[in-house]
$ cat my_file.pdb   # PDB, C-alpha atoms
ATOM      1  CA  MET T1099      31.337 -44.260  36.584  1.00  0.00           C
ATOM      2  CA  ALA T1100      31.284 -44.740  32.856  1.00  0.00           C
ATOM      3  CA  THR T1101      28.905 -42.746  30.756  1.00  0.00           C
ATOM      4  CA  THR T1102      27.631 -43.948  27.487  1.00  0.00           C
ATOM      5  CA  SER T1103      27.230 -41.605  24.595  1.00  0.00           C
ATOM      6  CA  PRO T1104      23.657 -41.075  23.534  1.00  0.00           C
ATOM      7  CA  ASP T1105      22.521 -42.702  20.343  1.00  0.00           C
ATOM      8  CA  PRO T1106      22.610 -40.368  17.373  1.00  0.00           C
ATOM      9  CA  VAL T1107      19.274 -38.876  16.502  1.00  0.00           C
ATOM     10  CA  PRO T1108      18.021 -40.614  13.383  1.00  0.00           C
ATOM     11  CA  LEU T1109      17.087 -38.351  10.513  1.00  0.00           C
ATOM     12  CA  PRO T1110      13.501 -38.624   9.376  1.00  0.00           C
ATOM     13  CA  ARG T1111      12.986 -40.582   6.199  1.00  0.00           C
ATOM     14  CA  ASN T1112      11.508 -37.576   4.426  1.00  0.00           C
ATOM     15  CA  GLU T1113      14.245 -35.183   5.549  1.00  0.00           C
ATOM     16  CA  PRO T1114      15.280 -34.262   1.960  1.00  0.00           C
ATOM     17  CA  LEU T1115      11.662 -33.338   1.274  1.00  0.00           C
ATOM     18  CA  SER T1116      11.576 -31.004   4.278  1.00  0.00           C
ATOM     19  CA  ARG T1117      14.544 -28.952   3.092  1.00  0.00           C
ATOM     20  CA  PRO T1118      12.619 -26.988   0.449  1.00  0.00           C
ATOM     21  CA  ARG T1119       9.871 -26.268   3.005  1.00  0.00           C
ATOM     22  CA  ALA T1120      12.419 -25.005   5.525  1.00  0.00           C
ATOM     23  CA  GLU T1121      14.027 -22.798   2.880  1.00  0.00           C
ATOM     24  CA  VAL T1122      10.651 -21.393   1.808  1.00  0.00           C
ATOM     25  CA  GLU T1123       9.880 -20.647   5.480  1.00  0.00           C
ATOM     26  CA  ARG T1124      13.210 -18.826   5.758  1.00  0.00           C
ATOM     27  CA  LEU T1125      12.473 -16.848   2.599  1.00  0.00           C
ATOM     28  CA  CYS T1126       9.018 -15.968   3.914  1.00  0.00           C
ATOM     29  CA  ASP T1127      10.553 -14.604   7.118  1.00  0.00           C
ATOM     30  CA  GLU T1128      13.146 -12.670   5.122  1.00  0.00           C
ATOM     31  CA  ALA T1129      10.444 -11.218   2.875  1.00  0.00           C
ATOM     32  CA  THR T1130       8.444 -10.089   5.897  1.00  0.00           C
ATOM     33  CA  ARG T1131      11.474  -8.349   7.414  1.00  0.00           C
ATOM     34  CA  GLN T1132      12.479  -6.733   4.121  1.00  0.00           C
ATOM     35  CA  LYS T1133       8.925  -5.567   3.416  1.00  0.00           C
ATOM     36  CA  ASP T1134       8.751  -3.865   6.820  1.00  0.00           C
ATOM     37  CA  LEU T1135      12.199  -2.338   6.326  1.00  0.00           C
ATOM     38  CA  ALA T1136      11.261  -0.970   2.896  1.00  0.00           C
ATOM     39  CA  HIS T1137       8.074   0.486   4.403  1.00  0.00           C
ATOM     40  CA  ARG T1138      10.053   2.274   7.133  1.00  0.00           C
ATOM     41  CA  ARG T1139      12.573   3.549   4.592  1.00  0.00           C
ATOM     42  CA  ALA T1140       9.816   4.896   2.345  1.00  0.00           C
ATOM     43  CA  GLU T1141       8.332   6.751   5.314  1.00  0.00           C
ATOM     44  CA  PHE T1142      11.760   8.188   6.171  1.00  0.00           C
ATOM     45  CA  TRP T1143      12.288   9.511   2.645  1.00  0.00           C
ATOM     46  CA  VAL T1144       8.839  11.127   2.645  1.00  0.00           C
ATOM     47  CA  LYS T1145       9.803  12.991   5.812  1.00  0.00           C
ATOM     48  CA  ALA T1146      13.199  13.948   4.384  1.00  0.00           C
ATOM     49  CA  ASP T1147      11.550  15.272   1.230  1.00  0.00           C
ATOM     50  CA  ILE T1148       9.141  17.389   3.263  1.00  0.00           C
ATOM     51  CA  ALA T1149      11.856  18.532   5.687  1.00  0.00           C
ATOM     52  CA  LEU T1150      13.962  19.904   2.843  1.00  0.00           C
ATOM     53  CA  GLY T1151      11.332  20.902   0.289  1.00  0.00           C
ATOM     54  CA  PHE T1152       8.939  22.876   2.466  1.00  0.00           C
ATOM     55  CA  PRO T1153      11.594  25.129   4.047  1.00  0.00           C
ATOM     56  CA  ALA T1154      13.111  25.749   0.611  1.00  0.00           C
ATOM     57  CA  ALA T1155       9.776  26.924  -0.766  1.00  0.00           C
ATOM     58  CA  LEU T1156       8.987  28.976   2.342  1.00  0.00           C
ATOM     59  CA  LEU T1157      12.411  30.629   2.463  1.00  0.00           C
ATOM     60  CA  ALA T1158      12.288  31.435  -1.256  1.00  0.00           C
ATOM     61  CA  GLY T1159       8.946  33.168  -0.823  1.00  0.00           C
ATOM     62  CA  VAL T1160      10.102  35.109   2.234  1.00  0.00           C
ATOM     63  CA  SER T1161      13.315  36.222   0.556  1.00  0.00           C
ATOM     64  CA  GLY T1162      11.429  37.416  -2.519  1.00  0.00           C
ATOM     65  CA  ALA T1163       8.962  39.379  -0.408  1.00  0.00           C
ATOM     66  CA  ALA T1164      11.723  40.853   1.755  1.00  0.00           C
ATOM     67  CA  GLY T1165      13.799  41.834  -1.266  1.00  0.00           C
ATOM     68  CA  LEU T1166      10.880  43.685  -2.787  1.00  0.00           C
ATOM     69  CA  ALA T1167       9.768  45.311   0.465  1.00  0.00           C
ATOM     70  CA  SER T1168      12.608  47.762   0.934  1.00  0.00           C
ATOM     71  CA  ALA T1169      16.164  48.460  -0.142  1.00  0.00           C
ATOM     72  CA  ASP T1170      17.439  47.849   3.399  1.00  0.00           C
ATOM     73  CA  ALA T1171      16.100  44.285   3.397  1.00  0.00           C
ATOM     74  CA  ARG T1172      17.961  43.157   0.286  1.00  0.00           C
ATOM     75  CA  VAL T1173      21.013  41.757   2.111  1.00  0.00           C
ATOM     76  CA  PRO T1174      18.959  39.677   4.570  1.00  0.00           C
ATOM     77  CA  ALA T1175      16.733  38.610   1.651  1.00  0.00           C
ATOM     78  CA  ALA T1176      19.806  37.452  -0.257  1.00  0.00           C
ATOM     79  CA  LEU T1177      20.937  35.406   2.769  1.00  0.00           C
ATOM     80  CA  VAL T1178      17.499  33.833   3.088  1.00  0.00           C
ATOM     81  CA  ALA T1179      17.543  33.096  -0.659  1.00  0.00           C
ATOM     82  CA  LEU T1180      20.897  31.357  -0.193  1.00  0.00           C
ATOM     83  CA  ALA T1181      19.421  29.244   2.603  1.00  0.00           C
ATOM     84  CA  ALA T1182      16.480  28.336   0.353  1.00  0.00           C
ATOM     85  CA  ALA T1183      18.868  27.390  -2.442  1.00  0.00           C
ATOM     86  CA  GLY T1184      20.820  25.236   0.001  1.00  0.00           C
ATOM     87  CA  CYS T1185      17.676  23.335   1.038  1.00  0.00           C
ATOM     88  CA  ALA T1186      16.653  22.871  -2.577  1.00  0.00           C
ATOM     89  CA  ALA T1187      20.138  21.668  -3.525  1.00  0.00           C
ATOM     90  CA  GLY T1188      20.139  19.240  -0.586  1.00  0.00           C
ATOM     91  CA  ALA T1189      16.777  17.845  -1.653  1.00  0.00           C
ATOM     92  CA  GLY T1190      18.025  17.441  -5.209  1.00  0.00           C
ATOM     93  CA  PHE T1191      21.248  15.805  -4.084  1.00  0.00           C
ATOM     94  CA  LEU T1192      19.526  13.275  -1.834  1.00  0.00           C
ATOM     95  CA  ARG T1193      16.836  12.481  -4.446  1.00  0.00           C
ATOM     96  CA  SER T1194      14.486  11.567  -1.639  1.00  0.00           C
ATOM     97  CA  ASP T1195      11.522  11.324  -3.993  1.00  0.00           C
ATOM     98  CA  ASN T1196      13.322   8.682  -6.102  1.00  0.00           C
ATOM     99  CA  ARG T1197      14.379   6.791  -2.993  1.00  0.00           C
ATOM    100  CA  ARG T1198      10.823   6.833  -1.670  1.00  0.00           C
ATOM    101  CA  LEU T1199       9.505   5.383  -4.927  1.00  0.00           C
ATOM    102  CA  ALA T1200      12.238   2.730  -5.004  1.00  0.00           C
ATOM    103  CA  ASN T1201      11.368   1.629  -1.479  1.00  0.00           C
ATOM    104  CA  LYS T1202       7.675   1.522  -2.331  1.00  0.00           C
ATOM    105  CA  ARG T1203       8.468  -0.711  -5.327  1.00  0.00           C
ATOM    106  CA  ALA T1204      10.646  -2.891  -3.118  1.00  0.00           C
ATOM    107  CA  ARG T1205       7.924  -3.101  -0.473  1.00  0.00           C
ATOM    108  CA  GLN T1206       5.451  -4.342  -3.088  1.00  0.00           C
ATOM    109  CA  ALA T1207       7.965  -6.835  -4.490  1.00  0.00           C
ATOM    110  CA  TRP T1208       8.783  -8.222  -1.026  1.00  0.00           C
ATOM    111  CA  ALA T1209       5.071  -8.502  -0.273  1.00  0.00           C
ATOM    112  CA  LEU T1210       4.728 -10.602  -3.432  1.00  0.00           C
ATOM    113  CA  VAL T1211       7.593 -12.845  -2.293  1.00  0.00           C
ATOM    114  CA  GLU T1212       5.936 -13.240   1.096  1.00  0.00           C
ATOM    115  CA  ALA T1213       2.534 -14.026  -0.445  1.00  0.00           C
ATOM    116  CA  ARG T1214       3.974 -16.605  -2.819  1.00  0.00           C
ATOM    117  CA  ALA T1215       5.941 -18.228  -0.014  1.00  0.00           C
ATOM    118  CA  ARG T1216       2.858 -18.411   2.192  1.00  0.00           C
ATOM    119  CA  MET T1217       0.884 -19.970  -0.662  1.00  0.00           C
ATOM    120  CA  LYS T1218       3.581 -22.602  -1.121  1.00  0.00           C
ATOM    121  CA  LEU T1219       3.673 -23.286   2.618  1.00  0.00           C
ATOM    122  CA  ALA T1220      -0.076 -23.865   2.605  1.00  0.00           C
ATOM    123  CA  GLN T1221       0.450 -26.858   0.336  1.00  0.00           C
ATOM    124  CA  ASP T1222       1.068 -30.331   1.712  1.00  0.00           C
ATOM    125  CA  ARG T1223       4.437 -30.624   0.027  1.00  0.00           C
ATOM    126  CA  VAL T1224       6.912 -27.997  -1.072  1.00  0.00           C
ATOM    127  CA  LEU T1225       8.867 -29.128  -4.095  1.00  0.00           C
ATOM    128  CA  PRO T1226      12.212 -27.822  -5.364  1.00  0.00           C
ATOM    129  CA  ASN T1227      10.369 -26.150  -8.279  1.00  0.00           C
ATOM    130  CA  ASP T1228       8.317 -24.196  -5.737  1.00  0.00           C
ATOM    131  CA  LEU T1229      11.512 -23.041  -4.070  1.00  0.00           C
ATOM    132  CA  ALA T1230      12.917 -21.970  -7.437  1.00  0.00           C
ATOM    133  CA  GLU T1231       9.832 -19.838  -8.065  1.00  0.00           C
ATOM    134  CA  ILE T1232      10.208 -18.102  -4.697  1.00  0.00           C
ATOM    135  CA  LEU T1233      13.896 -17.486  -5.360  1.00  0.00           C
ATOM    136  CA  GLU T1234      13.026 -15.839  -8.698  1.00  0.00           C
ATOM    137  CA  SER T1235      10.580 -13.566  -6.882  1.00  0.00           C
ATOM    138  CA  ARG T1236      13.296 -12.767  -4.350  1.00  0.00           C
ATOM    139  CA  GLN T1237      15.680 -11.757  -7.129  1.00  0.00           C
ATOM    140  CA  ALA T1238      12.997  -9.474  -8.560  1.00  0.00           C
ATOM    141  CA  ALA T1239      12.480  -7.928  -5.121  1.00  0.00           C
ATOM    142  CA  LEU T1240      16.200  -7.269  -4.767  1.00  0.00           C
ATOM    143  CA  ALA T1241      16.225  -5.629  -8.196  1.00  0.00           C
ATOM    144  CA  ALA T1242      13.185  -3.489  -7.356  1.00  0.00           C
ATOM    145  CA  TYR T1243      15.343  -0.971  -5.495  1.00  0.00           C
ATOM    146  CA  GLU T1244      17.103  -0.047  -8.738  1.00  0.00           C
ATOM    147  CA  GLY T1245      14.551  -0.848 -11.423  1.00  0.00           C
ATOM    148  CA  GLU T1246      11.561   0.861 -12.836  1.00  0.00           C
ATOM    149  CA  ASP T1247       7.929   0.193 -12.058  1.00  0.00           C
ATOM    150  CA  PRO T1248       6.806  -3.241 -13.253  1.00  0.00           C
ATOM    151  CA  PRO T1249       4.807  -3.282 -16.498  1.00  0.00           C
ATOM    152  CA  PRO T1250       1.053  -2.986 -16.003  1.00  0.00           C
ATOM    153  CA  GLY T1251      -0.988  -6.128 -16.094  1.00  0.00           C
ATOM    154  CA  PRO T1252      -1.564  -9.165 -13.952  1.00  0.00           C
ATOM    155  CA  THR T1253       1.357 -10.612 -12.068  1.00  0.00           C
ATOM    156  CA  PRO T1254       2.147 -14.255 -12.685  1.00  0.00           C
ATOM    157  CA  THR T1255       0.515 -16.513 -10.172  1.00  0.00           C
ATOM    158  CA  ALA T1256       1.783 -19.681  -8.641  1.00  0.00           C
ATOM    159  CA  THR T1257       0.770 -22.856 -10.360  1.00  0.00           C
ATOM    160  CA  PRO T1258      -0.889 -25.441  -8.142  1.00  0.00           C
ATOM    161  CA  GLY T1259       1.260 -28.423  -7.442  1.00  0.00           C
TER     162      GLY T1259
END
$ encode --input "my_file.pdb" --output "structure tokens"
Amino acid sequence: MATTSPDPVPLPRNEPLSRPRAEVERLCDEATRQKDLAHRRAEFWVKADIALGFPAALLAGVSGAAGLASADARVPAALVALAAAGCAAGAGFLRSDNRRLANKRARQAWALVEARARMKLAQDRVLPNDLAEILESRQAALAAYEGEDPPPGPTPTATPG
């Protein structure tokens, strides 16, 4: 029995016009994932900062009190002071406060990418210029992990089109 191959599926006439929309949808999904990831990372670095900073402060206070309490407690106080210094050095080495701030900046930048993409998707047509604007926002979001806080003032808004 001979089988015939199915006819190829014809491409819609407006298929080139749907490509920018599909890319903006993909960028919107990426922005949502990256925003959530940056949020989780910021929470992690807050916990790391507390986990290293609080014991360092507590151990430093205990070692100072123990060292002043009696002459016999000076060796254990010195060991506790070393542990406190180790926690403080670990916190300084990891720079968890800087990492937390970087992830907060990135979270805000990815939220802006997501918002702009959703605004473009709400339009009837997504043009290549719209896609270019979203890609610029994406580049800014990628740079937010390393950069400084954005300058104060209103953020540029999407132009209707």
$ resolve_selection --input "my_file.pdb" --expression "the PyMOL selection byres ((chain T and resi 1160) around 12)" --output "ChimeraX atom specification"
/T:1153-1159,1161-1167,1171-1172,1174-1182
$ atom_distance --input "my_file.pdb" --atom1 "atom CA of Ala1239 of chain T" --atom2 "atom CA of Trp1208 of chain T"
5.5 Å
$ closest_residue --input "my_file.pdb" --among "T:Ala1220, T:Ala1140, T:Ala1207, T:Ala1215" --to "Gln1237 of chain T" --atoms "all atoms listed in the file"
T:Ala1207
$ closest_residue --input "my_file.pdb" --among "T:Ala1242, T:Leu1210, T:Leu1219, T:Ala1200" --to "Pro1118 of chain T" --atoms "only C-alpha atoms"
T:Leu1219
$ residues_around --input "my_file.pdb" --residues "segment 1191-1195 of chain T" --least-positions-apart "2" --cutoff "7 Å" --atoms "all atoms listed in the file" --output "list in words"
Trp1143, Ala1146, Asp1147, Ala1187, Gly1188, Ala1189, Arg1197, Arg1198 and Leu1199 of chain T
$ closest_residue --input "my_file.pdb" --among "T:Leu1150, T:Val1211, T:Met1217, T:Leu1135" --to "Gly1190 of chain T" --atoms "only C-alpha atoms"
T:Leu1150
$ axis_aligned_box --input "my_file.pdb" --around "segment 1183-1197 of chain T" --padding-each-side "6 Å" --output "AutoDock Vina command-line options"
--center_x 16.4 --center_y 17.1 --center_z -2.5 --size_x 21.7 --size_y 32.6 --size_z 19.1
$ closest_residue --input "my_file.pdb" --among "T:Tyr1243, T:Leu1225, T:Glu1212, T:Ser1235" --to "Arg1124 of chain T" --atoms "all atoms listed in the file"
T:Glu1212
$ residues_around --input "my_file.pdb" --residues "His1137 of chain T" --least-positions-apart "5" --cutoff "7 Å" --atoms "all atoms listed in the file" --output "NGL selection string"
:T and (1201-1202 or 1205)
$ atom_distance --input "my_file.pdb" --atom1 "atom CA of Leu1125 of chain T" --atom2 "atom CA of Arg1236 of chain T"
8.1 Å
$ atom_distance --input "my_file.pdb" --atom1 "atom CA of Arg1117 of chain T" --atom2 "atom CA of Ala1230 of chain T"
12.7 Å
$ closest_residue --input "my_file.pdb" --among "T:Ala1120, T:Leu1240, T:Pro1226, T:Ala1186" --to "Phe1152 of chain T" --atoms "only C-alpha atoms"
T:Ala1186
$ residues_around --input "my_file.pdb" --residues "Leu1229 of chain T" --least-positions-apart "6" --cutoff "8 Å" --atoms "all atoms listed in the file" --output "MDAnalysis selection string"
chainID T and resid 1118:1119 1121:1122
